[in-house]
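Content type compact mmCIF, C-alpha atoms and all ligand atoms, from the file query.txt:
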# COMPACT_ATOMS: atom_id res chain seq x y z
CA MET A 14 273.46 -43.17 16.99
CA SER A 15 273.98 -46.31 19.01
CA GLU A 16 273.00 -49.74 17.75
CA PRO A 17 269.57 -51.07 18.81
CA PHE A 18 269.64 -53.70 21.54
CA PRO A 19 268.98 -57.21 20.31
CA HIS A 20 265.68 -58.44 21.71
CA VAL A 21 265.49 -61.53 23.91
CA PRO A 22 262.39 -63.49 24.91
CA TYR A 23 260.66 -62.37 28.10
CA ARG A 24 258.53 -64.87 29.94
CA ARG A 25 256.97 -64.67 33.36
CA GLU A 26 254.87 -67.26 35.00
CA ARG A 27 251.22 -66.23 34.70
CA LEU A 28 249.55 -66.36 38.14
CA SER A 29 246.01 -67.62 38.47
CA PRO A 30 243.57 -64.76 39.22
CA ASP A 31 243.32 -66.03 42.80
CA ARG A 32 247.05 -66.08 43.37
CA SER A 33 247.34 -62.70 41.74
CA VAL A 34 244.80 -61.15 44.13
CA ARG A 35 246.42 -62.90 47.08
CA ALA A 36 249.85 -61.57 46.13
CA ALA A 37 248.46 -58.06 45.65
CA ARG A 38 246.68 -58.24 49.01
CA GLU A 39 249.83 -59.41 50.78
CA PHE A 40 251.84 -56.61 49.22
CA ALA A 41 249.16 -54.03 50.11
CA GLU A 42 248.95 -55.28 53.70
CA THR A 43 252.69 -54.93 54.08
CA ALA A 44 252.56 -51.47 52.47
CA PHE A 45 249.83 -50.41 54.95
CA LEU A 46 252.25 -51.18 57.82
CA ARG A 47 254.65 -48.46 56.71
CA ARG A 48 254.77 -45.22 58.67
CA SER A 49 257.25 -42.37 58.49
CA VAL A 50 259.23 -42.62 61.68
CA ARG A 51 261.13 -39.78 63.35
CA GLU A 52 262.35 -41.62 66.46
CA PHE A 53 264.83 -44.37 65.65
CA SER A 54 266.50 -46.99 67.78
CA PRO A 55 270.30 -46.93 67.43
CA ASP A 56 270.23 -50.73 66.97
CA PRO A 57 272.06 -51.92 63.87
CA VAL A 58 270.06 -53.34 60.96
CA PRO A 59 271.02 -56.18 58.59
CA GLU A 60 272.98 -54.27 55.98
CA ASP A 61 272.60 -57.07 53.44
CA ALA A 62 268.84 -56.43 53.51
CA VAL A 63 269.49 -52.74 52.85
CA ARG A 64 271.86 -53.50 49.97
CA LEU A 65 269.24 -55.84 48.47
CA ALA A 66 266.62 -53.10 48.80
CA ILE A 67 268.99 -50.75 46.95
CA ALA A 68 269.46 -53.44 44.27
CA ALA A 69 265.66 -53.57 43.91
CA ALA A 70 265.55 -49.77 43.58
CA ASN A 71 268.29 -49.92 40.97
CA SER A 72 266.08 -52.25 38.89
CA ALA A 73 263.41 -49.56 38.56
CA PRO A 74 262.45 -48.33 35.11
CA SER A 75 264.10 -45.07 34.06
CA GLY A 76 263.99 -42.73 31.08
CA ALA A 77 266.02 -44.38 28.28
CA ASN A 78 267.26 -46.82 30.96
CA VAL A 79 269.96 -44.34 32.04
CA GLN A 80 269.39 -45.07 35.76
CA PRO A 81 270.07 -41.46 36.72
CA TRP A 82 270.63 -42.20 40.41
CA THR A 83 273.31 -42.90 43.00
CA PHE A 84 272.58 -44.28 46.46
CA VAL A 85 275.05 -43.32 49.17
CA LEU A 86 274.79 -45.56 52.22
CA VAL A 87 276.06 -43.66 55.26
CA ARG A 88 276.94 -45.46 58.48
CA ASN A 89 279.94 -43.39 59.62
CA PRO A 90 278.91 -41.55 62.84
CA GLU A 91 281.05 -38.50 62.06
CA LEU A 92 279.39 -38.11 58.64
CA LYS A 93 275.95 -38.54 60.21
CA ARG A 94 276.86 -35.87 62.78
CA ARG A 95 277.92 -33.43 60.06
CA ILE A 96 274.77 -34.15 58.04
CA ARG A 97 272.61 -33.53 61.11
CA GLU A 98 274.38 -30.28 61.90
CA ALA A 99 274.05 -28.98 58.32
CA ALA A 100 270.41 -30.12 58.00
CA GLU A 101 269.48 -28.48 61.31
CA ASN A 102 271.16 -25.24 60.24
CA GLU A 103 268.97 -25.14 57.12
CA GLU A 104 265.83 -26.28 58.90
CA ARG A 105 266.26 -23.66 61.64
CA GLU A 106 266.09 -21.01 58.91
CA ASN A 107 263.17 -22.78 57.22
CA TYR A 108 261.05 -22.95 60.34
CA SER A 109 261.94 -19.44 61.52
CA TRP A 110 261.33 -17.48 58.29
CA ARG A 111 261.74 -19.35 54.98
CA MET A 112 258.57 -21.45 55.06
CA PRO A 113 255.48 -19.30 54.43
CA PRO A 114 252.70 -19.40 57.07
CA PRO A 115 250.38 -21.70 55.04
CA TRP A 116 253.19 -24.28 54.87
CA LEU A 117 253.86 -24.02 58.61
CA ARG A 118 250.11 -24.42 59.22
CA ALA A 119 250.04 -27.56 57.06
CA LEU A 120 252.94 -29.03 59.07
CA ALA A 121 251.73 -27.99 62.53
CA PRO A 122 249.54 -31.11 63.06
CA LEU A 123 252.58 -33.31 62.38
CA GLY A 124 254.55 -31.62 65.15
CA THR A 125 257.79 -31.42 63.15
CA ASP A 126 260.40 -28.79 63.93
CA TRP A 127 264.00 -27.93 63.00
CA ARG A 128 265.51 -30.58 65.25
CA LYS A 129 266.69 -33.67 63.34
CA GLU A 130 268.13 -35.96 65.99
CA PHE A 131 267.13 -38.98 63.88
CA LEU A 132 269.91 -38.14 61.44
CA GLU A 133 272.39 -39.28 64.08
CA THR A 134 270.33 -41.93 65.86
CA ALA A 135 269.29 -43.99 62.83
CA PRO A 136 272.02 -46.56 62.17
CA LEU A 137 271.97 -45.83 58.43
CA LEU A 138 271.15 -42.97 56.11
CA ILE A 139 270.59 -43.52 52.41
CA VAL A 140 271.16 -40.35 50.41
CA VAL A 141 269.73 -40.62 46.92
CA PHE A 142 271.32 -38.40 44.29
CA ARG A 143 269.95 -37.56 40.84
CA SER A 144 272.13 -37.13 37.74
CA ASP A 145 270.67 -34.76 35.21
CA PHE A 146 273.46 -35.48 32.72
CA HIS A 147 276.61 -37.49 32.19
CA GLN A 148 279.81 -36.46 30.56
CA THR A 149 281.34 -38.40 27.68
CA GLU A 150 284.76 -37.74 26.24
CA HIS A 151 283.21 -35.24 23.83
CA ASP A 152 280.05 -33.86 25.31
CA ARG A 153 277.47 -33.62 28.02
CA VAL A 154 274.56 -36.01 27.51
CA LEU A 155 271.30 -34.87 29.07
CA HIS A 156 269.05 -37.33 30.89
CA TYR A 157 265.29 -37.36 30.46
CA TYR A 158 262.52 -37.79 33.01
CA VAL A 159 264.98 -37.66 35.88
CA SER A 160 262.47 -36.71 38.60
CA GLU A 161 260.07 -39.41 37.49
CA SER A 162 262.81 -42.04 37.27
CA VAL A 163 264.43 -41.26 40.61
CA GLY A 164 261.00 -40.91 42.25
CA ILE A 165 260.03 -44.39 41.02
CA ALA A 166 263.36 -45.84 42.23
CA CYS A 167 262.79 -44.28 45.65
CA GLY A 168 259.31 -45.84 45.72
CA PHE A 169 260.85 -49.25 45.05
CA LEU A 170 263.45 -48.58 47.75
CA LEU A 171 260.94 -47.58 50.43
CA ALA A 172 258.72 -50.56 49.61
CA ALA A 173 261.67 -52.97 49.71
CA LEU A 174 262.98 -51.60 53.02
CA ASN A 175 259.47 -51.80 54.45
CA ALA A 176 259.12 -55.40 53.23
CA ALA A 177 262.38 -56.15 55.05
CA GLY A 178 260.77 -54.92 58.29
CA LEU A 179 262.75 -51.70 58.43
CA SER A 180 261.47 -48.22 59.18
CA THR A 181 262.27 -45.18 57.08
CA LEU A 182 261.62 -41.48 56.82
CA THR A 183 261.55 -39.49 53.60
CA HIS A 184 263.44 -36.40 54.64
CA THR A 185 264.16 -33.40 52.43
CA PRO A 186 266.07 -30.74 54.33
CA SER A 187 266.06 -27.73 52.09
CA PRO A 188 268.27 -26.67 50.43
CA MET A 189 270.29 -29.88 50.62
CA GLY A 190 273.37 -29.07 48.55
CA PHE A 191 275.47 -29.68 51.69
CA LEU A 192 274.98 -33.43 51.14
CA ARG A 193 277.04 -33.33 47.98
CA GLU A 194 279.94 -31.68 49.80
CA ILE A 195 279.84 -33.82 52.93
CA LEU A 196 279.54 -37.04 50.90
CA ASP A 197 282.08 -35.92 48.33
CA ARG A 198 279.91 -36.47 45.24
CA PRO A 199 280.61 -34.93 41.82
CA ALA A 200 278.95 -31.74 40.58
CA SER A 201 276.82 -33.78 38.14
CA GLU A 202 274.91 -35.26 41.10
CA ARG A 203 272.24 -33.41 43.04
CA PRO A 204 270.70 -34.63 46.31
CA PHE A 205 267.15 -35.90 45.78
CA LEU A 206 266.07 -37.56 49.03
CA LEU A 207 267.56 -38.38 52.44
CA ILE A 208 266.25 -41.62 53.93
CA PRO A 209 267.10 -42.56 57.53
CA VAL A 210 266.78 -46.35 57.92
CA GLY A 211 266.46 -48.36 61.11
CA TYR A 212 264.02 -49.71 63.66
CA ALA A 213 261.47 -47.49 65.34
CA ALA A 214 262.63 -46.57 68.85
CA GLU A 215 261.02 -48.23 71.85
CA GLY A 216 258.06 -45.99 72.68
CA CYS A 217 258.12 -44.28 69.26
CA THR A 218 254.84 -42.58 68.39
CA VAL A 219 253.49 -41.47 65.02
CA PRO A 220 250.71 -38.99 64.28
CA ASP A 221 247.30 -40.64 64.01
CA ILE A 222 246.77 -39.66 60.39
CA ARG A 223 244.29 -41.25 58.01
CA LYS A 224 244.91 -42.12 54.40
CA LYS A 225 242.22 -41.25 51.87
CA GLY A 226 240.09 -44.25 50.99
CA LEU A 227 240.47 -45.90 47.62
CA ALA A 228 237.08 -44.50 46.54
CA GLU A 229 238.50 -40.98 46.91
CA VAL A 230 241.54 -41.53 44.73
CA LEU A 231 240.52 -44.21 42.23
CA VAL A 232 238.49 -43.23 39.21
CA GLU A 233 237.32 -46.04 36.98
CA ARG A 234 235.88 -45.47 33.53
N1 LIG B 301 261.70 -30.42 55.51
C1 LIG B 301 261.10 -29.97 56.76
C2 LIG B 301 259.66 -29.62 56.63
C3 LIG B 301 258.71 -30.69 56.23
C4 LIG B 301 258.07 -30.60 55.04
C5 LIG B 301 257.11 -31.51 54.68
I1 LIG B 301 256.11 -31.22 52.92
C6 LIG B 301 256.81 -32.61 55.51
O1 LIG B 301 255.84 -33.54 55.16
C7 LIG B 301 257.45 -32.70 56.73
C8 LIG B 301 258.42 -31.75 57.09
C9 LIG B 301 261.34 -30.98 57.87
O2 LIG B 301 261.81 -32.08 57.59
O3 LIG B 301 261.07 -30.69 59.04
Just give me the structure as structure tokens.
Amino acid sequence: MSEPFPHVPYRRERLSPDRSVRAAREFAETAFLRRSVREFSPDPVPEDAVRLAIAAANSAPSGANVQPWTFVLVRNPELKRRIREAAENEERENYSWRMPPPWLRALAPLGTDWRKEFLETAPLLIVVFRSDFHQTEHDRVLHYYVSESVGIACGFLLAALNAAGLSTLTHTPSPMGFLREILDRPASERPFLLIPVGYAAEGCTVPDIRKKGLAEVLVER
């Protein structure tokens, strides 16, 4: 067993109720601006902002604080080209026979297809990997709540990138094992999410979807 951590005082300034509501409103208004974008401008983005967003994601809570994630920031055009090619190969199969008709029907209004040009156009891709275990000298130590932990970290990441004025897409080509090979990651890491990052292209459009209202998703007792 490892030693317990010593505890240190934790203090945070307590906001007045007014400031608290104002801060929550500002955050919500910024969150409402976010849309998944599939047409990116090739313009470069401030990479320091992206690294800070990844630092924010890395501060997310995780099961037993193991931080079971790795963020691979891809800017190399040849790697992006190989990722696009491999993703399109999988997606071509998905759209032609692997996705059952109800799934295709659910996607039809979004107008997505197997083509993933954004994987090359976006100036950056962030590939998030999950680690379900780590190896010590003697044994393999399993991680707990990995999906929850990595999902929360990705939520932090998307919110931070959005707050920095950047557009993203949550992309999950399936299966996505090819990412581990192309990005040369160890067998203990499995791809979790592929996030193109950049600015929306001039003339970019997004589907006119509606979010459910708060009354539909919030239950108060
Ligand atoms: N991964 C595919 C299909 C897809 C699945 C869902 I669920 C979406 O919300 C959107 C697309 C693709 O990226 O095209």
With 4 Å of padding per side, what axis-aligned box (centre and edge lengths, Å, one decimal) covers all the listed atoms of ligand LIG 301 (chain B)? Give it as lines of an AutoDock Vina configuration file.
center_x = 258.8
center_y = -31.6
center_z = 56.0
size_x = 14.0
size_y = 11.9
size_z = 14.1
Open item on the list: Which residues are near ligand LIG 301 (chain B) - at most 6 Å, using only C-alpha atoms and all ligand atoms? Format: as a PyMOL selection string.
Closed with: chain A and resi 125-127+184-186
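One distance worth recording is that between CA of Ala73 (chain A) and CA of Ala166 (chain A), which is 5.2 Å.
Nearest residue to Ala69 (chain A) among A:Gly168, A:Pro114, A:Gly216, A:Pro204 is A:Gly168, counting all atoms listed in the file.
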- [ ] List every protein, DNA or RNA residue that has an atom no more than 8 Å from (282.2, -35.8, 55.4) in the file's coordinate frame, counting all atoms listed in the file, and report them as a PyMOL selection string.
- [x] chain A and resi 91-92+95+194-197
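Considering all atoms listed in the file, the residue among A:Ala44, A:Ala68, A:Arg32, A:Ser75 positioned nearest to Gly164 (chain A) is A:Ser75.
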Open item on the list: Excluding Ala99 (chain A) and its own-chain neighbours fewer than 5 positions away, which residues fall within 12 Å of it when counting all atoms listed in the file? Please give them as an MDAnalysis selection string.
Closed with: chainID A and resid 92:94 104:106 127:130 132:133 186:195
Open item on the list: Can you pull out the residues contacting Ala177 (chain A)? Cut-off 7 Å, using all atoms listed in the file, and skip same-chain residues under 3 positions away; I want them as a ChimeraX atom specification.
Closed with: /A:62,173-174
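Atom to atom, CA of Glu150 (chain A) and CA of Ser201 (chain A) stand 14.8 Å apart.
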Would you fill out region 69-93 of chain A with N, CA and C atoms and return it as a JSON list (two decimals), in the coordinates of the input?
[["chain", "number", "residue", "atom", "x", "y", "z"],
["A", 69, "ALA", "N", 267.03, -53.61, 44.45],
["A", 69, "ALA", "CA", 265.66, -53.57, 43.91],
["A", 69, "ALA", "C", 265.38, -52.19, 43.33],
["A", 70, "ALA", "N", 265.77, -51.14, 44.06],
["A", 70, "ALA", "CA", 265.55, -49.77, 43.58],
["A", 70, "ALA", "C", 266.29, -49.54, 42.25],
["A", 71, "ASN", "N", 267.46, -50.09, 42.17],
["A", 71, "ASN", "CA", 268.29, -49.92, 40.97],
["A", 71, "ASN", "C", 267.70, -50.65, 39.76],
["A", 72, "SER", "N", 266.73, -51.55, 40.01],
["A", 72, "SER", "CA", 266.08, -52.25, 38.89],
["A", 72, "SER", "C", 264.88, -51.47, 38.36],
["A", 73, "ALA", "N", 264.59, -50.33, 38.97],
["A", 73, "ALA", "CA", 263.41, -49.56, 38.56],
["A", 73, "ALA", "C", 263.53, -49.10, 37.11],
["A", 74, "PRO", "N", 262.39, -48.88, 36.46],
["A", 74, "PRO", "CA", 262.45, -48.33, 35.11],
["A", 74, "PRO", "C", 262.95, -46.89, 35.16],
["A", 75, "SER", "N", 263.65, -46.46, 34.12],
["A", 75, "SER", "CA", 264.10, -45.07, 34.06],
["A", 75, "SER", "C", 264.11, -44.61, 32.62],
["A", 76, "GLY", "N", 264.01, -43.30, 32.43],
["A", 76, "GLY", "CA", 263.99, -42.73, 31.08],
["A", 76, "GLY", "C", 265.21, -43.22, 30.30],
["A", 77, "ALA", "N", 264.97, -43.85, 29.15],
["A", 77, "ALA", "CA", 266.02, -44.38, 28.28],
["A", 77, "ALA", "C", 266.97, -45.31, 29.03],
["A", 78, "ASN", "N", 266.48, -45.88, 30.13],
["A", 78, "ASN", "CA", 267.26, -46.82, 30.96],
["A", 78, "ASN", "C", 268.61, -46.25, 31.40],
["A", 79, "VAL", "N", 268.65, -44.91, 31.65],
["A", 79, "VAL", "CA", 269.96, -44.34, 32.04],
["A", 79, "VAL", "C", 270.23, -44.48, 33.54],
["A", 80, "GLN", "N", 269.22, -44.90, 34.31],
["A", 80, "GLN", "CA", 269.39, -45.07, 35.76],
["A", 80, "GLN", "C", 270.10, -43.84, 36.37],
["A", 81, "PRO", "N", 269.41, -42.71, 36.34],
["A", 81, "PRO", "CA", 270.07, -41.46, 36.72],
["A", 81, "PRO", "C", 270.14, -41.25, 38.24],
["A", 82, "TRP", "N", 270.63, -42.25, 38.94],
["A", 82, "TRP", "CA", 270.63, -42.20, 40.41],
["A", 82, "TRP", "C", 271.91, -42.78, 40.98],
["A", 83, "THR", "N", 272.23, -42.31, 42.19],
["A", 83, "THR", "CA", 273.31, -42.90, 43.00],
["A", 83, "THR", "C", 272.78, -42.98, 44.42],
["A", 84, "PHE", "N", 273.03, -44.09, 45.07],
["A", 84, "PHE", "CA", 272.58, -44.28, 46.46],
["A", 84, "PHE", "C", 273.83, -44.28, 47.35],
["A", 85, "VAL", "N", 273.90, -43.34, 48.26],
["A", 85, "VAL", "CA", 275.05, -43.32, 49.17],
["A", 85, "VAL", "C", 274.57, -43.83, 50.53],
["A", 86, "LEU", "N", 275.17, -44.93, 50.96],
["A", 86, "LEU", "CA", 274.79, -45.56, 52.22],
["A", 86, "LEU", "C", 275.75, -45.06, 53.30],
["A", 87, "VAL", "N", 275.21, -44.31, 54.25],
["A", 87, "VAL", "CA", 276.06, -43.66, 55.26],
["A", 87, "VAL", "C", 275.89, -44.36, 56.60],
["A", 88, "ARG", "N", 276.99, -44.88, 57.13],
["A", 88, "ARG", "CA", 276.94, -45.46, 58.48],
["A", 88, "ARG", "C", 277.96, -44.79, 59.41],
["A", 89, "ASN", "N", 278.88, -44.04, 58.85],
["A", 89, "ASN", "CA", 279.94, -43.39, 59.62],
["A", 89, "ASN", "C", 279.35, -42.31, 60.56],
["A", 90, "PRO", "N", 279.54, -42.48, 61.89],
["A", 90, "PRO", "CA", 278.91, -41.55, 62.84],
["A", 90, "PRO", "C", 279.34, -40.10, 62.64],
["A", 91, "GLU", "N", 280.59, -39.88, 62.25],
["A", 91, "GLU", "CA", 281.05, -38.50, 62.06],
["A", 91, "GLU", "C", 280.34, -37.85, 60.85],
["A", 92, "LEU", "N", 280.13, -38.64, 59.80],
["A", 92, "LEU", "CA", 279.39, -38.11, 58.64],
["A", 92, "LEU", "C", 277.93, -37.83, 59.02],
["A", 93, "LYS", "N", 277.35, -38.75, 59.78],
["A", 93, "LYS", "CA", 275.95, -38.54, 60.21],
["A", 93, "LYS", "C", 275.86, -37.27, 61.07]]
